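Q: Next up, my_file-v2.txt (compact mmCIF, C-alpha atoms).
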```txt
# COMPACT_ATOMS: atom_id res chain seq x y z
CA MET F 1 0.00 0.00 0.00
CA THR F 2 1.40 3.40 -0.98
CA THR F 3 0.85 6.65 0.81
CA SER F 4 -0.23 9.61 -1.31
CA VAL F 5 -2.10 12.88 -1.19
CA LYS F 6 -4.69 13.59 -3.85
CA ASN F 7 -4.49 16.91 -5.62
CA ASN F 8 -7.67 18.66 -4.42
CA PHE F 9 -6.99 22.18 -5.57
CA MET F 10 -3.71 22.38 -3.65
CA PRO F 11 -0.56 23.82 -5.14
CA PRO F 12 1.72 21.14 -6.67
CA SER F 13 4.67 22.17 -4.50
CA LEU F 14 2.62 21.67 -1.30
CA VAL F 15 1.40 18.27 -2.50
CA SER F 16 4.98 17.23 -3.18
CA ASN F 17 6.13 18.34 0.28
CA LEU F 18 3.29 16.46 2.03
CA GLU F 19 4.04 13.26 0.14
CA GLU F 20 7.70 13.49 1.14
CA VAL F 21 6.81 14.01 4.80
CA LEU F 22 4.34 11.09 4.85
CA MET F 23 6.79 8.71 3.19
CA ARG F 24 9.51 9.64 5.68
CA ARG F 25 7.12 9.14 8.61
CA LYS F 26 6.08 5.73 7.27
CA GLY F 27 9.72 4.68 7.05
CA GLU F 28 10.36 5.69 10.64
CA GLU F 29 7.31 3.74 11.86
CA GLU F 30 8.46 0.60 10.03
CA LYS F 31 11.91 0.95 11.55
CA ARG F 32 10.47 1.22 15.07
CA SER F 33 8.28 -1.81 14.42
CA ASP F 34 11.29 -3.86 13.32
CA GLU F 35 13.22 -2.84 16.43
CA SER F 36 10.36 -3.92 18.70
CA ILE F 37 10.14 -7.31 16.99
CA GLU F 38 13.90 -7.87 17.07
CA PRO F 39 15.27 -6.51 20.37
CA SER F 40 18.91 -5.54 20.53
CA SER F 41 21.51 -7.94 21.85
CA SER F 42 22.25 -5.60 24.78
CA SER F 43 18.58 -5.74 25.80
CA ASN F 44 18.68 -9.53 25.73
CA GLU F 45 21.86 -9.53 27.79
CA ASN F 46 20.30 -7.26 30.44
CA LYS F 47 17.27 -9.53 30.70
CA GLU F 48 19.49 -12.57 31.05
CA ASP F 49 21.58 -10.84 33.72
CA ASN F 50 18.47 -9.87 35.70
CA SER F 51 17.05 -13.36 35.41
CA GLU F 52 20.33 -14.87 36.59
CA GLU F 53 20.54 -12.43 39.52
CA CYS F 54 16.98 -13.27 40.61
CA SER F 55 17.75 -16.99 40.62
CA LYS F 56 20.66 -16.60 43.05
CA PRO F 57 20.13 -17.21 46.80
CA ILE F 58 19.33 -13.97 48.62
CA ILE F 59 21.58 -13.00 51.52
CA LEU F 60 20.71 -10.06 53.76
CA VAL F 61 23.63 -8.34 55.50
CA THR F 62 23.35 -6.09 58.54
CA ASN F 63 25.68 -5.15 61.40
CA GLY F 64 26.09 -3.15 64.60
CA ASP F 65 28.98 -0.84 63.70
CA GLY F 66 27.12 1.03 60.97
CA ILE F 67 26.79 0.77 57.20
CA GLU F 68 30.12 2.51 56.48
CA SER F 69 32.16 0.27 58.78
CA PRO F 70 35.05 -1.66 57.14
CA GLY F 71 33.79 -4.97 58.51
CA LEU F 72 30.49 -4.77 56.64
CA ILE F 73 32.11 -3.41 53.48
CA CYS F 74 34.68 -6.24 53.38
CA LEU F 75 32.00 -8.88 53.98
CA VAL F 76 29.75 -7.53 51.22
CA GLU F 77 32.70 -7.26 48.81
CA ALA F 78 33.59 -10.90 49.48
CA LEU F 79 30.02 -12.08 48.90
CA VAL F 80 29.58 -10.03 45.74
CA SER F 81 32.96 -11.05 44.31
CA ASP F 82 32.16 -14.69 44.91
CA GLY F 83 29.26 -14.31 42.50
CA ARG F 84 26.95 -16.93 43.99
CA TYR F 85 24.56 -14.66 45.87
CA ASN F 86 22.08 -11.84 45.42
CA VAL F 87 23.32 -9.53 48.18
CA HIS F 88 21.11 -7.02 49.98
CA VAL F 89 22.18 -4.72 52.81
CA CYS F 90 20.09 -3.07 55.51
CA ALA F 91 22.32 -1.62 58.24
CA PRO F 92 22.32 1.17 60.83
CA GLN F 93 23.24 4.65 59.69
CA SER F 94 25.62 5.05 62.65
CA ASP F 95 27.40 2.94 65.27
CA LYS F 96 24.89 0.82 67.23
CA SER F 97 27.33 -1.87 68.33
CA LEU F 98 26.18 -1.78 71.99
CA SER F 99 22.46 -1.32 71.36
CA GLY F 100 21.57 -4.86 72.43
CA HIS F 101 18.18 -6.10 71.28
CA SER F 102 16.59 -2.65 71.39
CA VAL F 103 13.91 -1.68 68.89
CA THR F 104 12.52 1.75 67.99
CA THR F 105 8.84 2.22 68.80
CA GLN F 106 6.49 5.23 68.74
CA GLU F 107 8.96 7.04 66.48
CA THR F 108 9.40 7.20 62.73
CA ILE F 109 12.67 5.82 61.42
CA ALA F 110 14.23 7.02 58.17
CA VAL F 111 15.41 4.47 55.60
CA THR F 112 17.68 5.82 52.86
CA SER F 113 19.16 4.10 49.82
CA ALA F 114 22.93 3.67 49.94
CA GLU F 115 25.62 2.96 47.33
CA ILE F 116 27.50 -0.33 47.78
CA ASP F 117 28.94 -1.90 44.63
CA GLY F 118 27.15 -5.08 43.61
CA ALA F 119 24.49 -4.91 46.33
CA THR F 120 21.10 -3.33 46.94
CA ALA F 121 21.62 -1.31 50.10
CA PHE F 122 19.69 0.83 52.59
CA GLU F 123 20.82 2.64 55.72
CA VAL F 124 18.43 2.91 58.66
CA CYS F 125 18.26 5.55 61.35
CA GLY F 126 17.77 2.85 63.96
CA THR F 127 19.20 -0.25 65.62
CA PRO F 128 20.32 -3.56 64.05
CA VAL F 129 17.03 -5.08 65.21
CA ASP F 130 15.14 -2.29 63.42
CA CYS F 131 17.15 -3.03 60.28
CA VAL F 132 16.40 -6.75 60.23
CA SER F 133 12.78 -6.24 61.23
CA VAL F 134 11.99 -3.73 58.47
CA ALA F 135 13.98 -5.74 55.90
CA LEU F 136 11.98 -8.90 56.65
CA SER F 137 8.65 -7.08 56.76
CA GLY F 138 8.21 -7.09 52.98
CA ALA F 139 7.83 -3.31 52.97
CA LEU F 140 11.39 -2.49 51.87
CA PHE F 141 12.64 -5.14 49.44
CA SER F 142 10.80 -6.92 46.62
CA TRP F 143 11.30 -10.25 48.40
CA SER F 144 9.74 -11.22 51.71
CA LYS F 145 12.33 -13.64 53.04
CA PRO F 146 16.05 -14.08 52.33
CA LEU F 147 17.71 -17.45 52.51
CA LEU F 148 20.24 -16.27 55.10
CA VAL F 149 20.88 -13.23 57.29
CA ILE F 150 24.48 -12.37 58.18
CA SER F 151 25.18 -9.78 60.86
CA GLY F 152 28.75 -8.44 60.81
CA ILE F 153 31.63 -8.23 60.66
CA ASN F 154 31.76 -6.54 64.07
CA LYS F 155 34.82 -4.67 65.35
CA GLY F 156 35.44 -6.45 68.66
CA SER F 157 34.42 -9.80 70.10
CA SER F 158 30.95 -10.66 71.36
CA CYS F 159 32.07 -13.44 73.68
CA GLY F 160 30.51 -14.22 77.03
CA ASN F 161 28.05 -11.76 78.53
CA HIS F 162 29.03 -9.18 75.93
CA MET F 163 26.59 -10.85 73.57
CA LEU F 164 23.80 -9.42 75.76
CA TYR F 165 24.95 -5.89 74.88
CA SER F 166 25.91 -6.72 71.31
CA GLY F 167 24.01 -5.16 68.43
CA VAL F 168 25.59 -7.53 65.90
CA VAL F 169 24.37 -10.57 67.83
CA ALA F 170 20.92 -9.00 68.22
CA GLY F 171 20.65 -8.64 64.44
CA ALA F 172 21.16 -12.38 63.98
CA ARG F 173 18.83 -13.17 66.88
CA GLU F 174 16.05 -11.05 65.36
CA ALA F 175 16.36 -13.02 62.13
CA LEU F 176 15.96 -16.30 64.04
CA ILE F 177 12.89 -14.89 65.80
CA SER F 178 11.46 -14.24 62.34
CA GLY F 179 12.23 -17.79 61.22
CA VAL F 180 15.27 -17.01 59.04
CA ALA F 181 18.62 -18.79 59.40
CA SER F 182 21.34 -16.42 60.57
CA LEU F 183 24.98 -15.91 61.51
CA SER F 184 26.67 -13.18 63.53
CA ILE F 185 30.36 -12.54 62.87
CA SER F 186 32.82 -10.61 65.04
CA LEU F 187 36.55 -9.97 64.78
CA ASN F 188 38.57 -9.98 68.01
CA TRP F 189 39.94 -6.50 67.36
CA LYS F 190 42.95 -5.47 69.44
CA LYS F 191 44.00 -1.84 69.74
CA ASP F 192 47.46 -1.11 68.29
CA VAL F 193 47.58 -4.65 66.88
CA SER F 194 44.66 -5.05 64.46
CA GLN F 195 44.32 -3.24 61.15
CA GLU F 196 41.50 -2.79 58.64
CA SER F 197 42.94 -5.37 56.25
CA ASP F 198 42.13 -7.98 58.94
CA PHE F 199 38.45 -7.59 58.06
CA LYS F 200 39.19 -8.74 54.52
CA ASP F 201 40.97 -11.80 55.90
CA ALA F 202 38.10 -12.43 58.33
CA ALA F 203 35.58 -12.37 55.47
CA ALA F 204 37.71 -14.87 53.52
CA VAL F 205 37.86 -17.16 56.57
CA CYS F 206 34.04 -17.13 56.89
CA LEU F 207 33.20 -17.77 53.23
CA PRO F 208 33.49 -21.61 53.40
CA LEU F 209 31.13 -21.67 56.39
CA ILE F 210 28.70 -19.34 54.59
CA HIS F 211 28.76 -21.56 51.49
CA ALA F 212 28.07 -24.63 53.64
CA ALA F 213 25.22 -22.86 55.47
CA VAL F 214 23.54 -21.81 52.20
CA ARG F 215 23.88 -25.32 50.78
CA ASP F 216 22.36 -26.97 53.84
CA ILE F 217 19.58 -24.40 54.20
CA GLU F 218 18.56 -25.15 50.60
CA ASN F 219 18.65 -28.88 51.43
CA ASN F 220 16.70 -28.34 54.66
CA MET F 221 19.63 -29.62 56.73
CA PHE F 222 20.69 -26.46 58.58
CA PRO F 223 19.77 -26.29 62.32
CA LYS F 224 16.51 -24.36 62.72
CA SER F 225 16.48 -23.92 66.49
CA CYS F 226 19.57 -21.73 66.78
CA PHE F 227 21.80 -19.19 65.10
CA LEU F 228 25.59 -19.29 65.01
CA LYS F 229 27.80 -16.72 66.73
CA ILE F 230 31.17 -16.73 64.95
CA GLU F 231 34.22 -15.17 66.60
CA ILE F 232 37.30 -14.59 64.42
CA PRO F 233 40.71 -14.46 66.18
CA THR F 234 42.85 -11.31 66.09
CA SER F 235 45.01 -12.75 63.31
CA PRO F 236 42.41 -14.27 60.96
CA SER F 237 44.87 -15.55 58.36
CA THR F 238 46.75 -17.69 60.90
CA ASN F 239 43.72 -19.19 62.64
CA LYS F 240 43.87 -22.79 63.87
CA GLY F 241 40.53 -23.78 62.35
CA PHE F 242 36.89 -23.83 63.42
CA LYS F 243 35.93 -24.98 66.90
CA ILE F 244 32.45 -25.50 68.35
CA THR F 245 32.32 -23.68 71.68
CA LYS F 246 30.03 -22.97 74.61
CA GLN F 247 28.77 -19.59 75.68
CA SER F 248 30.87 -18.33 78.60
CA MET F 249 30.08 -15.88 81.39
CA TRP F 250 33.13 -13.78 80.49
CA ARG F 251 32.84 -10.02 80.51
CA CYS F 252 35.03 -6.95 80.75
CA THR F 253 34.76 -4.89 83.92
CA PRO F 254 32.56 -1.80 83.40
CA SER F 255 34.29 1.34 84.63
CA TRP F 256 32.40 4.62 84.85
CA GLN F 257 34.78 7.56 84.51
CA THR F 258 33.81 10.95 85.91
CA VAL F 259 33.96 13.75 83.36
CA SER F 260 35.06 17.00 84.98
CA ALA F 261 32.53 19.82 84.78
CA THR F 262 35.47 22.23 84.89
CA ARG F 263 37.06 20.64 81.84
CA HIS F 264 33.74 20.48 80.03
CA PRO F 265 31.46 23.11 81.61
CA SER F 266 28.74 22.59 79.04
CA ALA F 267 29.59 18.91 78.48
CA SER F 268 29.85 19.76 74.81
CA HIS F 269 32.90 17.50 74.38
CA PHE F 270 31.10 14.62 76.04
CA MET F 271 27.95 15.20 74.04
CA GLY F 272 29.98 15.41 70.84
CA ASN F 273 31.41 11.94 71.42
CA GLN F 274 28.09 10.39 72.30
CA GLN F 275 25.50 12.01 70.07
CA SER F 276 25.31 13.14 66.51
CA LEU F 277 25.04 16.82 65.70
CA GLY F 278 21.54 16.22 64.38
CA ILE F 279 20.36 14.84 67.73
CA GLN F 280 21.85 17.78 69.60
CA LEU F 281 20.23 20.29 67.24
CA ALA F 282 16.90 18.49 67.52
CA GLN F 283 17.11 18.64 71.31
CA LEU F 284 17.97 22.34 71.24
CA SER F 285 15.05 22.96 68.91
CA ARG F 286 12.64 21.14 71.22
CA ASP F 287 13.98 23.02 74.24
CA ALA F 288 13.66 26.36 72.49
CA SER F 289 10.12 25.59 71.33
CA ALA F 290 9.10 24.52 74.83
CA ALA F 291 10.65 27.63 76.36
CA GLY F 292 8.94 29.85 73.80
CA ALA F 293 5.57 28.27 74.44
CA ALA F 294 5.99 28.65 78.18
CA ARG F 295 7.02 32.29 77.75
CA ARG F 296 3.92 33.09 75.69
CA ILE F 297 1.56 31.39 78.15
CA ALA F 298 3.14 33.02 81.18
CA THR F 299 3.11 36.44 79.52
CA GLN F 300 -0.57 36.09 78.70
CA ARG F 301 -1.41 35.09 82.27
CA LYS F 302 0.82 37.44 84.27
CA ASN F 303 1.97 39.95 81.69
CA VAL F 304 5.59 39.44 82.72
CA GLU F 305 8.69 38.50 80.77
CA ILE F 306 10.63 35.25 81.22
CA ASP F 307 14.36 35.59 80.85
CA SER F 308 15.27 31.90 81.07
CA VAL F 309 15.89 29.95 77.87
CA GLY F 310 16.06 26.57 79.62
CA VAL F 311 13.59 23.73 79.26
CA ALA F 312 10.11 24.88 80.15
CA GLY F 313 8.81 23.65 83.50
CA LYS F 314 12.29 22.81 84.78
CA ASN F 315 14.07 24.69 87.53
CA ASP F 316 17.79 23.94 87.15
CA SER F 317 19.01 26.38 89.78
CA LYS F 318 19.23 23.68 92.47
CA ALA F 319 19.76 20.66 90.26
CA VAL F 320 23.02 18.74 90.56
CA LYS F 321 24.34 17.60 87.20
CA LYS F 322 27.24 15.17 86.83
CA PHE F 323 28.82 13.62 83.75
CA PHE F 324 30.18 10.11 83.31
CA ARG F 325 31.63 8.03 80.51
CA LEU F 326 31.53 4.22 80.43
CA GLU F 327 34.67 2.27 79.58
CA PHE F 328 35.22 -1.48 79.61
CA VAL F 329 38.43 -2.78 81.15
CA ASP F 330 39.81 -6.23 80.31
CA LYS F 331 40.35 -8.57 83.22
CA GLU F 332 41.95 -11.97 83.63
CA GLN F 333 39.59 -14.92 83.58
CA GLU F 334 40.07 -17.87 85.91
CA ASP F 335 37.96 -20.33 83.93
CA ILE F 336 40.27 -22.73 82.08
CA ASP F 337 37.62 -24.66 80.10
CA GLU F 338 39.07 -24.69 76.57
CA ASP F 339 35.62 -25.24 75.08
CA LEU F 340 34.40 -21.79 76.16
CA ASP F 341 34.12 -19.16 73.42
CA PHE F 342 36.68 -16.67 74.74
CA ARG F 343 39.25 -19.40 75.54
CA ALA F 344 39.05 -20.86 72.04
CA LEU F 345 39.31 -17.36 70.58
CA GLU F 346 42.39 -16.51 72.64
CA SER F 347 43.96 -19.80 71.52
CA GLY F 348 43.64 -18.78 67.87
CA PHE F 349 40.54 -20.77 66.87
CA VAL F 350 37.48 -19.50 65.03
CA ALA F 351 34.95 -19.97 67.82
CA VAL F 352 31.48 -21.05 66.63
CA THR F 353 28.82 -20.91 69.35
CA PRO F 354 25.21 -22.02 68.74
CA LEU F 355 22.74 -19.70 70.49
CA THR F 356 19.02 -20.32 70.93
CA LEU F 357 15.99 -18.30 71.96
CA ASN F 358 15.30 -20.72 74.80
CA SER F 359 15.55 -18.99 78.17
CA GLN F 360 14.73 -22.06 80.28
CA ILE F 361 17.05 -22.64 83.23
CA ASP F 362 18.74 -25.88 84.22
CA SER F 363 17.04 -28.40 86.52
CA ASP F 364 19.25 -27.54 89.54
CA SER F 365 18.29 -23.87 89.37
CA GLN F 366 14.64 -24.82 88.89
CA THR F 367 14.74 -26.97 92.03
CA ALA F 368 16.56 -24.28 94.03
CA VAL F 369 13.96 -21.64 93.11
CA SER F 370 11.12 -24.03 93.90
CA ASP F 371 12.58 -24.77 97.35
CA TRP F 372 13.10 -21.07 98.03
CA ILE F 373 9.54 -20.15 97.04
CA SER F 374 8.13 -22.87 99.31
CA SER F 375 10.30 -21.70 102.22
CA ALA F 376 9.68 -17.99 101.64
CA LEU F 377 5.89 -18.37 101.54
CA GLU F 378 5.63 -20.89 104.38
CA GLY F 379 3.41 -19.56 107.11
CA SER F 380 2.75 -16.26 105.34
CA GLU F 381 -0.75 -14.87 105.36
CA PRO F 382 -2.66 -14.72 102.08
```
Show the structure stored in the file as structure tokens.
A:
Amino acid sequence: MTTSVKNNFMPPSLVSNLEEVLMRRKGEEEKRSDESIEPSSSSNENKEDNSEECSKPIILVTNGDGIESPGLICLVEALVSDGRYNVHVCAPQSDKSLSGHSVTTQETIAVTSAEIDGATAFEVCGTPVDCVSVALSGALFSWSKPLLVISGINKGSSCGNHMLYSGVVAGAREALISGVASLSISLNWKKDVSQESDFKDAAAVCLPLIHAAVRDIENNMFPKSCFLKIEIPTSPSTNKGFKITKQSMWRCTPSWQTVSATRHPSASHFMGNQQSLGIQLAQLSRDASAAGAARRIATQRKNVEIDSVGVAGKNDSKAVKKFFRLEFVDKEQEDIDEDLDFRALESGFVAVTPLTLNSQIDSDSQTAVSDWISSALEGSEP
């Protein structure tokens, strides 16, 4: 079929121009039609790449030290370079390594996309538990459940009672609560001894265990009642191998140091080390708003001016304010059981400790409490 314009009292030059335009337009339409029928090779390659990526096992990575920490970056780089996994990251915006199993409620948390090569990443203005919880909720990622959650690599060990304070352990625990297999990984960082390249070695040490975990999860052979707490020795590349260990009662001694009010009259130095500038500014804004509101109300009632700019409703003239900073001090441990996590770690092993959600006590403690209750309530009036 040809395209033409009949000469209905139009000038010949105009007819000729219209025919040329219509023929050119027809040619362009045919070209577009051919392109849609026969997609380019690059388009096919992109589709194949996306299909291949979607078929890979999904691993979610979080941590306690924050999304920019070298431990997390080295772990993600190792997983991405290996090429076997579809890696997603959801980690705290800042250091939450001692946040324990805390969760943010009654407040809005911000989740922002982040750039990490080879991974889909988000940073969360919250705790490691917040990160895992929102990631597994189905509201953030296109998937609803990863195959494995890895929390780490943490800067410092989580042995003994330190796992109760540990944000990296809490991230793995939250995954188990949600029914997802998980690992927490920590490097036994030593001041003046360790260096950032140790995180790369630690990630390499963990890869065989991660591969085995993924394989057995897919084959329904991985333990479902616990998660694994993995402690990497200070020198990862010279480790003595993996060792199954027991959770110890080891802990550093907490030492609260007094911060001189003379040295820091406004505690600005202390605040600067403990809080972000945004939190300080937000607090100042709330204080100023409260003071302004109080000033307006008082002026309306008594027609007097208020000179104070402190927090409304607070009289600080008689208040005693002191400042402290918590430090943990290492202490010698008397327990010589080589199967405890910290002992194996000190001996150069990669200590692998299974942890459960079961809080039941042993039979001896149960009997002791039962006897005490009976004795304590004997003869008491109802």
Q: Considering all atoms listed in the file, return as an MDAnalysis selection string whatever protein or nucleic-acid residues lie within 7 Å of region 98-107 of chain F, sequence-local ones (same chain, fewer than 6 positions apart) excluded.
A: chainID F and resid 126:127 129:130 164:167 170
Q: Have a look at CA of Asp341 (chain F) and CA of Gly171 (chain F) and let me know their distance in Å, one decimal.
A: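 Separation between CA of Asp341 (chain F) and CA of Gly171 (chain F): 19.3 Å.
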Q: Could you write out as JSON the box around region 125-130 of chain F (axis-aligned, all atoms listed in the file, 5 Å on each side), with centre and edge lengths in Å to one decimal?
A:
```
{"center_x": 17.7, "center_y": 0.2, "center_z": 63.5, "size_x": 15.2, "size_y": 20.6, "size_z": 14.3}
```
Q: Using only C-alpha atoms, what does the table of region 213-260 of chain F residues within 8 Å of region 184-203 of chain F look like, with each row giving the shortest atom pair and its distance in Å to one decimal, sorted by chain and ascending number, as a tab-separated table?
A:
```
residue	atom	partner	partner_atom	distance
F:Phe227	CA	F:Ser184	CA	7.9
F:Leu228	CA	F:Ser184	CA	6.4
F:Lys229	CA	F:Ser184	CA	4.9
F:Ile230	CA	F:Ile185	CA	4.7
F:Glu231	CA	F:Ser186	CA	5.0
F:Ile232	CA	F:Leu187	CA	4.7
F:Pro233	CA	F:Asn188	CA	5.3
F:Thr234	CA	F:Asn188	CA	4.9
F:Ser235	CA	F:Asp198	CA	7.1
F:Pro236	CA	F:Ala202	CA	5.4
F:Ser237	CA	F:Asp201	CA	5.9
```
Q: Write a file of the selected residues as a short mmCIF file (atom, residue, chain, number, x, y, z; two decimals), in the coordinates of the input, keeping C-alpha atoms.
A:
```cif
data_model
loop_
_atom_site.label_atom_id
_atom_site.label_comp_id
_atom_site.auth_asym_id
_atom_site.auth_seq_id
_atom_site.Cartn_x
_atom_site.Cartn_y
_atom_site.Cartn_z
CA PHE F 227 21.80 -19.19 65.10
CA LEU F 228 25.59 -19.29 65.01
CA LYS F 229 27.80 -16.72 66.73
CA ILE F 230 31.17 -16.73 64.95
CA GLU F 231 34.22 -15.17 66.60
CA ILE F 232 37.30 -14.59 64.42
CA PRO F 233 40.71 -14.46 66.18
CA THR F 234 42.85 -11.31 66.09
CA SER F 235 45.01 -12.75 63.31
CA PRO F 236 42.41 -14.27 60.96
CA SER F 237 44.87 -15.55 58.36
#
```
Q: Would you mind reading off the distance between CA of Leu75 (chain F) and CA of Val134 (chain F), one decimal, in Å?
A: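 According to the coordinates, CA of Leu75 (chain F) and CA of Val134 (chain F) are separated by 21.1 Å.
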Q: Separation of CA of Phe122 (chain F) and CA of Ile73 (chain F), in Å?
A: 13.2 Å
Q: Using all atoms listed in the file, which residue out of F:Lys155, F:Lys145, F:Arg173, F:His88 lies closest to Glu123 (chain F)?
A: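 Of F:Lys155, F:Lys145, F:Arg173, F:His88, the one nearest Glu123 (chain F), counting all atoms listed in the file, is F:His88.
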Q: Using only C-alpha atoms, pick whichever of F:Leu183, F:Val320, F:Val111, F:Leu176 has the shortest atom-to-atom distance to Val61 (chain F).
A: F:Leu183
Q: How close does each residue of region 323-377 of chain F get to region 213-223 of chain F, giving the shortest atom pair and distance in Å to one decimal for every residue with an atom at most 12 Å away, counting all atoms listed in the file, sorted by chain and residue number, as JSON lines?
A:
```
{"residue": "F:Pro354", "atom": "CA", "partner": "F:Pro223", "partner_atom": "CA", "distance": 9.4}
{"residue": "F:Leu355", "atom": "CA", "partner": "F:Pro223", "partner_atom": "CA", "distance": 10.9}
{"residue": "F:Thr356", "atom": "CA", "partner": "F:Pro223", "partner_atom": "CA", "distance": 10.5}
```
Q: Excluding same-chain residues fewer than 4 positions from Asn154 (chain F), what lies within 8 Å of it counting all atoms listed in the file, as a list of chain:residue names?
A: F:Asn63, F:Gly64, F:Asp65, F:Gly71, F:Leu72, F:Ser97, F:Val168, F:Ile185, F:Ser186, F:Leu187
